[in-house]
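The data block below is start-v6.cif; it holds mmCIF, C-alpha atoms.
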```cif
data_entry
#
loop_
_atom_site.label_atom_id
_atom_site.label_comp_id
_atom_site.auth_asym_id
_atom_site.auth_seq_id
_atom_site.Cartn_x
_atom_site.Cartn_y
_atom_site.Cartn_z
CA MET A 17 95.95 124.50 108.35
CA HIS A 18 98.98 123.03 110.11
CA ARG A 19 102.29 124.73 109.33
CA PRO A 20 105.75 124.13 110.78
CA SER A 21 106.02 126.15 113.97
CA ARG A 22 108.76 128.73 114.49
CA ARG A 23 110.28 126.30 116.98
CA HIS A 24 110.47 123.55 114.37
CA LEU A 25 111.97 125.82 111.72
CA THR A 26 114.47 127.19 114.21
CA LEU A 27 115.36 123.64 115.16
CA ALA A 28 115.87 122.76 111.50
CA THR A 29 118.24 125.71 111.03
CA ALA A 30 120.16 124.89 114.19
CA LEU A 31 120.56 121.28 113.18
CA LEU A 32 121.71 122.04 109.66
CA ALA A 33 125.39 122.66 110.33
CA SER A 34 125.99 119.69 112.61
CA THR A 35 123.93 117.23 110.56
CA THR A 36 125.38 118.15 107.19
CA ALA A 37 128.87 117.88 108.65
CA ALA A 38 127.95 114.42 109.85
CA ALA A 39 126.60 113.57 106.40
CA VAL A 40 129.96 114.42 104.85
CA ALA A 41 131.58 111.99 107.26
CA PHE A 42 128.97 109.35 106.53
CA THR A 43 129.77 109.36 102.82
CA THR A 44 133.16 107.83 103.57
CA GLY A 45 131.69 105.04 105.71
CA ALA A 46 131.03 101.48 104.61
CA GLY A 47 127.95 101.19 102.46
CA ALA A 48 126.81 104.76 103.02
CA THR A 49 125.67 106.56 99.88
CA ASP A 50 123.88 109.70 101.03
CA THR A 51 125.44 113.03 100.30
CA LYS A 52 125.70 116.35 102.08
CA GLN A 53 123.01 117.73 99.77
CA GLN A 54 120.59 114.92 100.65
CA ALA A 55 121.07 115.63 104.35
CA GLU A 56 120.46 119.35 103.77
CA ASP A 57 117.29 118.59 101.78
CA ALA A 58 116.05 116.27 104.52
CA ILE A 59 116.32 119.02 107.12
CA LYS A 60 114.23 121.46 105.11
CA GLY A 61 110.68 122.17 106.16
CA GLY A 62 107.89 122.65 103.68
CA LYS A 63 104.95 120.63 102.46
CA ALA A 64 105.08 117.03 101.30
CA LYS A 65 103.00 116.11 98.28
CA ASN A 66 103.25 112.41 99.18
CA VAL A 67 104.02 110.36 102.28
CA ILE A 68 105.26 106.77 102.22
CA LEU A 69 105.36 105.21 105.69
CA LEU A 70 107.17 101.85 105.93
CA ILE A 71 106.61 99.71 109.02
CA GLY A 72 108.79 96.71 109.79
CA ASP A 73 106.62 94.93 112.33
CA GLY A 74 108.76 93.84 115.29
CA MET A 75 111.84 95.20 113.51
CA GLY A 76 113.95 96.46 116.37
CA ASP A 77 117.64 97.27 116.07
CA SER A 78 118.52 93.63 116.82
CA GLU A 79 116.36 92.39 113.95
CA ILE A 80 117.91 94.94 111.58
CA THR A 81 121.43 93.98 112.68
CA LEU A 82 120.71 90.27 112.24
CA ALA A 83 119.48 90.80 108.67
CA ARG A 84 122.40 93.07 107.88
CA ASP A 85 125.02 90.67 109.24
CA TYR A 86 123.51 87.72 107.40
CA THR A 87 122.76 89.30 104.01
CA VAL A 88 125.30 92.08 103.39
CA GLY A 89 127.85 91.62 106.15
CA ALA A 90 128.76 93.39 109.35
CA ASN A 91 130.35 96.26 107.43
CA GLY A 92 127.63 96.39 104.76
CA ARG A 93 124.51 98.52 104.68
CA LEU A 94 120.87 97.74 103.99
CA ASN A 95 118.66 100.15 102.05
CA MET A 96 117.03 101.19 105.32
CA ASP A 97 120.48 102.11 106.66
CA LYS A 98 120.94 104.76 103.95
CA PHE A 99 118.41 107.37 105.05
CA PRO A 100 120.08 110.73 105.71
CA LEU A 101 118.39 111.29 109.09
CA THR A 102 117.89 108.70 111.81
CA GLY A 103 116.52 108.78 115.35
CA GLU A 104 114.78 106.52 117.84
CA TYR A 105 111.26 106.56 119.24
CA THR A 106 109.63 105.11 122.32
CA THR A 107 106.87 102.53 121.88
CA TYR A 108 104.97 102.06 125.15
CA ALA A 109 101.19 101.60 125.35
CA VAL A 110 98.97 102.78 128.22
CA HIS A 111 96.51 101.27 130.65
CA LYS A 112 92.90 102.46 130.71
CA ASP A 113 93.82 105.10 133.30
CA GLY A 114 96.58 106.46 131.08
CA THR A 115 99.52 105.06 133.06
CA PRO A 116 102.33 103.46 130.99
CA ASP A 117 102.18 99.86 129.83
CA TYR A 118 105.83 99.42 128.96
CA VAL A 119 105.50 96.68 126.33
CA THR A 120 103.11 97.42 123.48
CA ASP A 121 101.38 95.21 120.99
CA SER A 122 100.89 96.14 117.33
CA ALA A 123 97.35 97.45 117.85
CA ALA A 124 98.24 100.02 120.48
CA SER A 125 101.49 101.01 118.79
CA GLY A 126 99.87 101.39 115.38
CA SER A 127 97.05 103.41 116.90
CA GLY A 128 99.72 105.71 118.34
CA TRP A 129 101.15 106.83 115.00
CA ALA A 130 97.80 106.55 113.20
CA THR A 131 95.91 108.84 115.60
CA GLY A 132 98.44 110.56 117.85
CA VAL A 133 96.69 109.02 120.87
CA LYS A 134 98.13 106.27 123.07
CA THR A 135 95.76 103.42 123.80
CA VAL A 136 95.54 100.03 125.51
CA ASN A 137 96.99 96.88 124.03
CA GLY A 138 94.59 95.18 121.65
CA ARG A 139 92.58 98.28 120.77
CA ILE A 140 92.37 99.73 117.25
CA SER A 141 92.32 103.55 116.91
CA LYS A 142 90.06 104.15 119.91
CA THR A 143 90.70 105.89 123.20
CA PRO A 144 92.08 103.90 126.16
CA GLY A 145 89.46 104.77 128.79
CA THR A 146 86.28 105.75 126.98
CA ASP A 147 86.68 103.48 123.93
CA LYS A 148 85.82 106.29 121.49
CA ALA A 149 86.98 106.35 117.86
CA VAL A 150 89.84 108.75 117.07
CA ARG A 151 90.33 110.14 113.54
CA THR A 152 93.29 108.52 111.77
CA ILE A 153 95.96 109.93 109.49
CA LEU A 154 94.45 108.02 106.56
CA GLU A 155 90.96 109.38 107.26
CA LEU A 156 92.36 112.91 107.45
CA ALA A 157 94.28 112.40 104.21
CA GLN A 158 91.10 111.23 102.47
CA LYS A 159 89.16 114.20 103.84
CA ASN A 160 91.77 116.54 102.39
CA GLY A 161 91.74 115.01 98.92
CA TYR A 162 94.72 112.67 99.02
CA ALA A 163 94.75 109.20 97.50
CA THR A 164 95.36 106.51 100.12
CA GLY A 165 96.75 102.99 100.25
CA SER A 166 97.79 100.19 102.57
CA VAL A 167 100.08 97.30 101.65
CA THR A 168 100.97 94.45 104.02
CA THR A 169 102.24 90.89 104.14
CA ALA A 170 99.78 90.15 106.96
CA GLU A 171 96.04 89.83 106.68
CA LEU A 172 94.63 93.22 105.70
CA THR A 173 92.58 92.99 108.89
CA ASP A 174 95.64 92.50 111.11
CA ALA A 175 96.49 95.21 113.63
CA THR A 176 98.94 97.38 111.70
CA PRO A 177 96.84 97.87 108.54
CA ALA A 178 93.66 97.94 110.65
CA VAL A 179 94.66 101.08 112.57
CA LEU A 180 94.38 103.23 109.43
CA ALA A 181 90.77 102.64 108.39
CA SER A 182 88.91 101.01 111.27
CA HIS A 183 87.97 101.53 114.91
CA VAL A 184 87.26 98.50 117.10
CA THR A 185 87.57 97.68 120.77
CA ASP A 186 89.67 94.58 120.12
CA ARG A 187 91.99 93.66 117.27
CA SER A 188 90.48 90.16 117.02
CA CYS A 189 87.30 91.60 115.44
CA GLN A 190 88.62 91.13 111.93
CA GLY A 191 85.57 89.84 110.03
CA PRO A 192 81.79 89.74 110.57
CA ALA A 193 82.09 86.32 112.25
CA ASP A 194 84.84 87.54 114.60
CA MET A 195 82.97 90.16 116.62
CA ALA A 196 82.71 88.40 120.02
CA LYS A 197 84.97 90.93 121.79
CA CYS A 198 83.42 93.98 120.10
CA PRO A 199 79.66 93.86 120.82
CA ALA A 200 79.25 97.64 120.65
CA ASP A 201 81.03 97.79 117.28
CA THR A 202 78.65 95.42 115.48
CA ILE A 203 76.36 96.83 112.82
CA ALA A 204 73.40 95.36 114.73
CA ALA A 205 74.37 97.56 117.71
CA GLY A 206 74.72 100.63 115.50
CA GLY A 207 78.50 100.28 115.24
CA PRO A 208 80.74 100.38 112.15
CA GLY A 209 81.20 96.63 111.84
CA SER A 210 84.30 94.48 111.61
CA ILE A 211 87.73 95.62 110.46
CA ALA A 212 87.18 94.08 107.01
CA GLU A 213 83.83 95.83 106.57
CA GLN A 214 85.18 99.18 107.72
CA SER A 215 88.25 98.93 105.49
CA VAL A 216 86.24 98.61 102.30
CA ASN A 217 83.56 101.06 103.46
CA HIS A 218 86.33 103.66 103.74
CA LYS A 219 87.06 103.14 100.03
CA VAL A 220 90.80 103.14 100.58
CA ASP A 221 92.13 103.35 97.02
CA VAL A 222 94.61 100.46 97.30
CA LEU A 223 94.43 97.54 99.75
CA PHE A 224 97.02 94.80 99.13
CA GLY A 225 97.73 91.90 101.48
CA GLY A 226 96.43 88.60 102.82
CA GLY A 227 93.27 87.78 104.75
CA LYS A 228 90.92 86.46 102.07
CA GLN A 229 89.31 84.28 104.79
CA ARG A 230 88.03 87.43 106.56
CA PHE A 231 86.60 88.94 103.38
CA ASP A 232 84.89 85.64 102.53
CA GLN A 233 82.80 85.92 105.71
CA LYS A 234 79.18 86.99 105.27
CA VAL A 235 77.91 90.31 106.55
CA THR A 236 75.33 89.66 109.25
CA ASP A 237 73.40 92.95 109.40
CA GLY A 238 72.79 96.18 107.59
CA ARG A 239 72.77 97.16 103.92
CA TYR A 240 75.05 94.32 102.79
CA LYS A 241 73.53 91.55 104.92
CA GLY A 242 73.99 88.13 103.34
CA LEU A 243 76.85 89.20 101.07
CA THR A 244 80.47 88.37 101.74
CA VAL A 245 82.71 91.32 102.49
CA THR A 246 84.36 90.73 99.10
CA GLU A 247 80.96 91.06 97.45
CA GLN A 248 80.37 94.19 99.52
CA ALA A 249 83.65 95.56 98.19
CA LYS A 250 82.55 94.89 94.60
CA LYS A 251 79.28 96.74 95.28
CA LEU A 252 81.40 99.67 96.45
CA GLY A 253 83.35 99.70 93.19
CA TYR A 254 86.42 97.68 94.09
CA ARG A 255 88.27 95.53 91.57
CA ILE A 256 89.50 92.29 93.21
CA VAL A 257 92.96 90.91 92.37
CA THR A 258 94.37 87.69 93.75
CA ASP A 259 97.86 87.19 92.33
CA ASN A 260 100.88 88.94 90.87
CA ALA A 261 99.64 88.89 87.29
CA SER A 262 96.19 90.34 88.02
CA MET A 263 97.73 92.93 90.35
CA LYS A 264 100.17 94.14 87.72
CA ALA A 265 97.46 94.19 85.04
CA VAL A 266 94.90 96.25 86.97
CA LYS A 267 94.35 99.75 85.61
CA PRO A 268 93.82 102.91 87.67
CA GLY A 269 90.42 104.47 88.03
CA LYS A 270 88.63 102.44 90.71
CA PRO A 271 89.72 101.18 94.14
CA VAL A 272 91.59 97.87 94.20
CA LEU A 273 91.41 95.08 96.80
CA GLY A 274 94.26 92.61 96.52
CA LEU A 275 93.81 89.37 98.50
CA PHE A 276 96.94 87.29 97.96
CA ALA A 277 96.48 84.60 100.61
CA SER A 278 93.76 83.11 102.79
CA GLY A 279 95.64 84.18 105.91
CA ASN A 280 99.02 85.86 106.16
CA VAL A 281 101.07 85.99 102.96
CA PRO A 282 103.54 83.05 103.13
CA VAL A 283 107.11 84.00 104.01
CA GLU A 284 109.88 84.09 101.41
CA TRP A 285 112.65 82.13 103.22
CA THR A 286 112.72 78.93 105.24
CA GLY A 287 115.13 77.12 107.55
CA LYS A 288 115.38 75.30 110.85
CA PRO A 289 113.80 77.16 113.77
CA ALA A 290 115.78 77.85 116.93
CA ALA A 291 115.89 74.99 119.42
CA VAL A 292 116.77 74.34 123.04
CA GLY A 293 120.52 73.80 123.08
CA GLY A 294 120.90 75.40 119.65
CA THR A 295 121.10 74.06 116.10
CA ASP A 296 123.83 72.93 113.77
CA PRO A 297 125.20 75.79 111.63
CA GLN A 298 122.85 76.38 108.70
CA ARG A 299 122.37 78.47 105.61
CA CYS A 300 118.85 79.74 105.05
CA VAL A 301 116.83 78.47 102.09
CA THR A 302 115.80 81.47 100.00
CA SER A 303 112.53 79.89 98.90
CA ASN A 304 109.39 78.46 100.45
CA PRO A 305 107.48 75.51 98.94
CA ASN A 306 104.33 76.79 100.65
CA ARG A 307 104.53 80.18 98.91
CA PRO A 308 102.82 80.05 95.48
CA SER A 309 104.94 81.39 92.64
CA THR A 310 102.04 83.70 91.77
CA THR A 311 102.38 85.60 95.07
CA PRO A 312 103.56 89.19 94.57
CA SER A 313 106.57 90.35 96.55
CA LEU A 314 106.19 93.24 98.96
CA ALA A 315 108.39 95.34 96.67
CA ASP A 316 106.17 94.59 93.65
CA SER A 317 103.03 95.35 95.65
CA ALA A 318 104.56 98.65 96.82
CA THR A 319 105.55 99.56 93.25
CA LYS A 320 102.05 98.90 91.92
CA ALA A 321 100.41 100.76 94.82
CA ILE A 322 102.51 103.86 94.13
CA GLN A 323 101.67 103.70 90.43
CA LEU A 324 97.93 103.40 91.10
CA LEU A 325 97.83 106.19 93.68
CA GLU A 326 99.86 108.55 91.51
CA ALA A 327 97.69 107.75 88.46
CA LYS A 328 94.47 108.41 90.37
CA GLN A 329 95.56 111.89 91.33
CA ARG A 330 96.81 112.60 87.82
CA GLN A 331 93.45 111.54 86.36
CA LYS A 332 91.70 113.89 88.79
CA HIS A 333 94.13 116.70 87.89
CA SER A 334 94.68 117.00 91.61
CA LYS A 335 97.60 118.90 93.07
CA LYS A 336 97.38 116.63 96.10
CA GLY A 337 99.44 113.45 96.23
CA PHE A 338 98.99 110.31 98.29
CA PHE A 339 99.48 108.64 101.65
CA LEU A 340 100.71 105.04 101.56
CA GLN A 341 101.58 102.68 104.40
CA ILE A 342 103.69 99.59 103.63
CA GLU A 343 104.13 96.88 106.25
CA GLY A 344 106.58 94.01 106.42
CA ALA A 345 104.45 92.07 108.89
CA SER A 346 106.10 88.69 109.28
CA ILE A 347 109.40 89.92 110.68
CA ASP A 348 107.34 89.98 113.87
CA LYS A 349 105.52 86.72 113.22
CA GLN A 350 108.74 84.78 112.58
CA ASP A 351 110.33 86.37 115.64
CA HIS A 352 107.39 85.05 117.68
CA ALA A 353 108.07 81.61 116.19
CA ALA A 354 111.84 81.83 116.88
CA ASP A 355 112.47 81.21 113.17
CA PRO A 356 115.60 83.18 112.23
CA CYS A 357 115.58 82.31 108.52
CA GLY A 358 111.93 83.25 108.09
CA GLN A 359 112.59 86.45 110.01
CA ILE A 360 115.70 87.46 108.03
CA GLY A 361 113.99 86.71 104.72
CA GLU A 362 111.06 88.95 105.62
CA THR A 363 113.42 91.73 106.73
CA ALA A 364 115.25 91.46 103.41
CA ALA A 365 111.92 91.57 101.54
CA PHE A 366 110.91 94.65 103.52
CA ASP A 367 114.25 96.25 102.74
CA ARG A 368 113.59 95.83 99.02
CA ALA A 369 110.31 97.72 99.51
CA VAL A 370 112.31 100.46 101.24
CA LYS A 371 114.45 100.62 98.11
CA VAL A 372 111.32 101.09 95.98
CA ALA A 373 110.12 103.97 98.17
CA ARG A 374 113.50 105.70 98.20
CA ALA A 375 113.86 105.34 94.42
CA TYR A 376 110.48 107.00 93.98
CA ALA A 377 111.44 109.80 96.36
CA ALA A 378 114.70 110.35 94.47
CA GLN A 379 112.56 111.31 91.46
CA HIS A 380 109.92 113.07 93.57
CA PRO A 381 111.76 114.99 96.33
CA ASP A 382 108.47 116.38 97.63
CA THR A 383 107.84 112.89 99.05
CA LEU A 384 108.39 112.25 102.76
CA VAL A 385 109.59 108.67 103.29
CA VAL A 386 109.71 107.31 106.83
CA THR A 387 110.80 103.84 107.87
CA THR A 388 110.38 102.52 111.39
CA ALA A 389 109.01 99.66 113.49
CA ASP A 390 106.02 99.37 115.79
CA HIS A 391 107.97 97.72 118.61
CA GLY A 392 111.07 95.69 119.39
CA HIS A 393 111.22 91.92 119.58
CA THR A 394 113.11 89.00 121.04
CA SER A 395 116.02 88.03 118.75
CA GLN A 396 119.50 88.79 120.06
CA ILE A 397 122.89 88.09 118.52
CA VAL A 398 125.02 86.39 121.18
CA PRO A 399 128.56 84.94 121.31
CA LEU A 400 129.02 81.54 119.72
CA GLU A 401 130.17 80.14 123.06
CA ALA A 402 127.02 81.34 124.86
CA THR A 403 124.57 78.71 126.12
CA PRO A 404 121.21 80.51 126.28
CA PRO A 405 118.54 78.95 128.53
CA GLY A 406 115.91 79.29 125.82
CA LEU A 407 115.95 78.74 122.06
CA SER A 408 118.92 79.49 119.84
CA ALA A 409 120.19 78.81 116.33
CA THR A 410 123.51 79.13 114.56
CA LEU A 411 123.61 80.57 111.04
CA VAL A 412 126.36 80.73 108.44
CA THR A 413 126.27 84.26 107.05
CA ASN A 414 126.97 85.45 103.53
CA GLU A 415 130.46 86.29 104.78
CA GLY A 416 131.05 82.62 105.61
CA GLN A 417 131.06 83.29 109.34
CA GLN A 418 128.97 81.68 112.06
CA LEU A 419 126.43 83.77 113.97
CA LYS A 420 124.33 82.67 116.96
CA VAL A 421 120.87 84.15 117.54
CA ASN A 422 119.00 83.71 120.81
CA TYR A 423 115.26 83.76 121.55
CA SER A 424 114.64 83.80 125.29
CA THR A 425 111.73 86.14 126.07
CA ASN A 426 109.44 83.25 126.90
CA THR A 427 109.54 79.59 127.86
CA PRO A 428 110.47 77.27 124.96
CA GLY A 429 107.32 76.09 123.27
CA GLN A 430 105.55 79.41 123.94
CA SER A 431 105.33 82.34 121.54
CA GLN A 432 108.30 84.65 121.98
CA GLU A 433 107.46 88.14 123.24
CA HIS A 434 107.76 91.75 122.16
CA THR A 435 110.17 93.96 124.12
CA GLY A 436 109.71 97.48 125.44
CA THR A 437 112.80 98.95 123.78
CA GLU A 438 112.82 102.12 121.73
CA VAL A 439 113.22 101.47 117.99
CA ARG A 440 114.73 103.13 114.97
CA ILE A 441 112.94 105.76 112.90
CA ALA A 442 114.60 107.18 109.78
CA ALA A 443 113.41 109.58 107.12
CA GLN A 444 114.07 111.73 104.09
CA GLY A 445 112.10 114.54 102.50
CA PRO A 446 109.98 117.40 103.87
CA LEU A 447 109.99 117.57 107.71
CA ALA A 448 112.28 114.54 107.95
CA TYR A 449 114.27 116.40 110.61
CA ARG A 450 111.44 115.68 113.05
CA VAL A 451 112.66 112.08 113.50
CA LEU A 452 115.97 113.19 115.00
CA GLY A 453 116.75 112.49 118.65
CA VAL A 454 114.50 110.39 120.85
CA THR A 455 110.82 111.05 120.16
CA ASN A 456 107.53 109.42 121.09
CA GLN A 457 105.64 107.12 118.74
CA THR A 458 102.71 109.53 118.75
CA ASP A 459 105.01 112.30 117.44
CA LEU A 460 105.04 110.50 114.10
CA PHE A 461 101.34 111.28 113.69
CA THR A 462 102.08 114.99 114.08
CA THR A 463 104.95 114.78 111.60
CA LEU A 464 102.71 113.20 108.97
CA LEU A 465 99.90 115.63 109.74
CA GLU A 466 102.12 118.67 109.32
CA ALA A 467 103.97 117.33 106.31
CA LEU A 468 100.69 116.92 104.38
CA ARG A 469 99.14 120.08 105.91
CA LEU A 470 96.09 118.16 107.05
CA SER A 471 93.31 119.71 109.06
#
```
In structure tokens, how does this file's structure come out?
Amino acid sequence: MHRPSRRHLTLATALLASTTAAAVAFTTGAGATDTKQQAEDAIKGGKAKNVILLIGDGMGDSEITLARDYTVGANGRLNMDKFPLTGEYTTYAVHKDGTPDYVTDSAASGSGWATGVKTVNGRISKTPGTDKAVRTILELAQKNGYATGSVTTAELTDATPAVLASHVTDRSCQGPADMAKCPADTIAAGGPGSIAEQSVNHKVDVLFGGGKQRFDQKVTDGRYKGLTVTEQAKKLGYRIVTDNASMKAVKPGKPVLGLFASGNVPVEWTGKPAAVGGTDPQRCVTSNPNRPSTTPSLADSATKAIQLLEAKQRQKHSKKGFFLQIEGASIDKQDHAADPCGQIGETAAFDRAVKVARAYAAQHPDTLVVTTADHGHTSQIVPLEATPPGLSATLVTNEGQQLKVNYSTNTPGQSQEHTGTEVRIAAQGPLAYRVLGVTNQTDLFTTLLEALRLS
């Protein structure tokens, strides 16, 4: 059993006076709503019945600030700004020899918090040098009797959801037809198969996201040869849902696979992408003609996932709760595309999922809620008079002011790049104090492990 060490409990006591004093000050600040009591509760140790981990992919401080300025104003506050305890964590990957690789991708970063082990870019929950599978936080939660879930706006086989319930040499090995870079992981070679196959074989209780194209691929070897991965999932007891109505209607009792798009779930907002020399001032369009009206929002998917996981444990009369990861994936994808409106809309959608998680925790204070990012990204707010050498766009914010955002981490026409910056991590609930200060991404694994008392 893992219990808070004397050092951690001493740290919590030492931090109590200074942090609660700060919380009192915070309550007078713009948009802040947390109280002294919430800060005190967040510093307490103890066991968490549930953990909700929210990942804004590519959501560095610049991306948060951009969404805040545009949607609620420079002096406003997002839901993710209202956690009682906030810190920063480092995000670097490693080379095969263990030396730092200062800019991570989502596979290596996700593997860091999922396993507590740093790995090379592109690898999913396997060691950097020997390419061996490492047990994940979701696998440990399942072993210890917790319900488990993963919700994303990416394909369910994309890197961030993949790190929880699969182990492959390369993140591209998403479906049975995608295994070129993972020969040792194929079922024919005695491996566990593609990310899609492994995800359903793990019988994760709730899987919501995109990626239907991966699950439509046929299994090439083994027990389910000739079936699609979706058919494999049905054989394993999964109910399949494909839209908002069927998701909301599904009853607890069996695992649920929600496939809401062929690829990534379409973004919520649209607008003109950044351009060389900038754009005319624009307001974002808060709709997307390419997003079917039947597509569930991330907040609705998160709400349903929590309901299903909680109901499963109640039906089992289990004293254990659940582990749930929720990813806002296309903050990153729109940052790569230098599309500020798409990016802000996805950050706002993610923030509404944060609100769902915090509302649940308000009624269930034995829930640890953590929100963070996997890495930083390219967007920067710059002066209106600046003339960036790359791509830029000018927006008209909800305050009626102009704001210029710059994308210059790669040559125009190329995908914009991640950055190696540290990123925000914020929390409330049991062991939330562990996010304070500057920590390492792998420390999050230990926090989750100790909060749920996993062994």
Please report, as a Markdown table, each residue of segment 312-376 of chain A lying at most 8 Å from segment 151-161 of chain A, together with the nearest pair of atoms and the separation in Å rounded to one decimal; use all atoms listed in the file, and order rows by chain and ascending residue number.
```
| residue | atom | partner | partner_atom | distance |
| --- | --- | --- | --- | --- |
| A:Lys336 | CA | A:Gly161 | CA | 6.5 |
| A:Phe338 | CA | A:Ala157 | CA | 7.8 |
| A:Phe339 | CA | A:Ala157 | CA | 6.9 |
```
Please expand the PyMOL selection byres ((chain A and resi 417-427) around 9) into the concrete residues it hits in this file, giving the result as a PyMOL selection string. chain A and resi 82+85-86+290+294+297-298+351-352+354+356+393-402+404-416+428-435
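Comparing the minimum interatomic distances between Gln248 of chain A and each of A:Asp316, A:Asp186, A:Asp367, A:Asp232, counting all atoms listed in the file, we find that A:Asp232 sits nearest.
Evaluated against this file, the PyMOL selection byres ((chain A and resi 223) around 10) yields Thr164, Gly165, Ser166, Val167, Thr168, Leu172, Pro177, Ser215, Val216, Lys219, Val220, Asp221, Val222, Phe224, Gly225, Gly226, Tyr254, Ile256, Pro271, Val272, Leu273, Gly274, Leu275, Ser317, Ala321, Leu340 and Gln341 of chain A.
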Shell around Ala365 of chain A at 9 Å using only C-alpha atoms, local window under 3 positions removed, as a VMD selection string: chain A and resid 284 313 to 315 344 360 to 362 368 to 370
Those same residues - C-alpha atoms - I'd like them written as a PDB file, in the coordinates of the input.
```
ATOM      1  CA  GLU A 284     109.880  84.090 101.410  1.00  0.00           C
ATOM      2  CA  SER A 313     106.570  90.350  96.550  1.00  0.00           C
ATOM      3  CA  LEU A 314     106.190  93.240  98.960  1.00  0.00           C
ATOM      4  CA  ALA A 315     108.390  95.340  96.670  1.00  0.00           C
ATOM      5  CA  GLY A 344     106.580  94.010 106.420  1.00  0.00           C
ATOM      6  CA  ILE A 360     115.700  87.460 108.030  1.00  0.00           C
ATOM      7  CA  GLY A 361     113.990  86.710 104.720  1.00  0.00           C
ATOM      8  CA  GLU A 362     111.060  88.950 105.620  1.00  0.00           C
ATOM      9  CA  ARG A 368     113.590  95.830  99.020  1.00  0.00           C
ATOM     10  CA  ALA A 369     110.310  97.720  99.510  1.00  0.00           C
ATOM     11  CA  VAL A 370     112.310 100.460 101.240  1.00  0.00           C
TER      12      VAL A 370
END
```
Quick one: residues within 8 Å of Thr437 of chain A, all atoms listed in the file, excluding same-chain residues fewer than 5 positions away - as an MDAnalysis selection string? chainID A and resid 76 106:107 391:392
Any chance you could work out the residue set of the PyMOL selection byres ((chain A and resi 91-104) around 6) here, as a PyMOL selection string? chain A and resi 46-48+55+88-90+105+367+371+439-443+451-454
Compile the contact shell of Gln323 of chain A as a PDB file with C-alpha atoms, keeping the file's coordinate frame: residues with an atom at most 9 Å away, counting all atoms listed in the file, same-chain residues fewer than 5 positions apart removed.
```
ATOM      1  CA  PRO A 268      93.820 102.910  87.670  1.00  0.00           C
ATOM      2  CA  ALA A 318     104.560  98.650  96.820  1.00  0.00           C
ATOM      3  CA  LYS A 328      94.470 108.410  90.370  1.00  0.00           C
TER       4      LYS A 328
END
```
Kindly indicate which residue among A:Gln229, A:Gln457, A:Gln331, A:Gln350 lies nearest to Gly128 of chain A, using all atoms listed in the file for the distances. A:Gln457
Pick out the residues sitting within 9 Å of Asp390 of chain A, and hand them over as a list of chain:residue names; count only C-alpha atoms, and ignore anything fewer than 5 positions along from it in its own chain.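 With the cut-off at 9 Å, the set is A:Ile71, A:Gly72, A:Asp73, A:Gly74, A:Met75, A:Gly76, A:Thr107, A:Thr120, A:Asp121, A:Ser122, A:Ser125, A:Gly126, A:Trp129, A:Thr176, A:Val439, A:Gln457.
Rounded to one decimal, atom CA of Arg374 of chain A and atom CA of Ala163 of chain A lie 19.1 Å from each other.
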Correct to one decimal, the distance atom CA of Asn137 of chain A-atom CA of Thr387 of chain A is 22.4 Å
Test item: residues at most 10 Å from Asp113 of chain A, only C-alpha atoms, excluding those fewer than 3 positions along its chain, as a compact mmCIF listing (two decimals) with C-alpha atoms, in the frame of the given file:
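Result went into out_19.txt, see below:
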```
# COMPACT_ATOMS: atom_id res chain seq x y z
CA VAL A 110 98.97 102.78 128.22
CA PRO A 116 102.33 103.46 130.99
CA THR A 135 95.76 103.42 123.80
CA VAL A 136 95.54 100.03 125.51
CA PRO A 144 92.08 103.90 126.16
CA GLY A 145 89.46 104.77 128.79
CA THR A 146 86.28 105.75 126.98
```
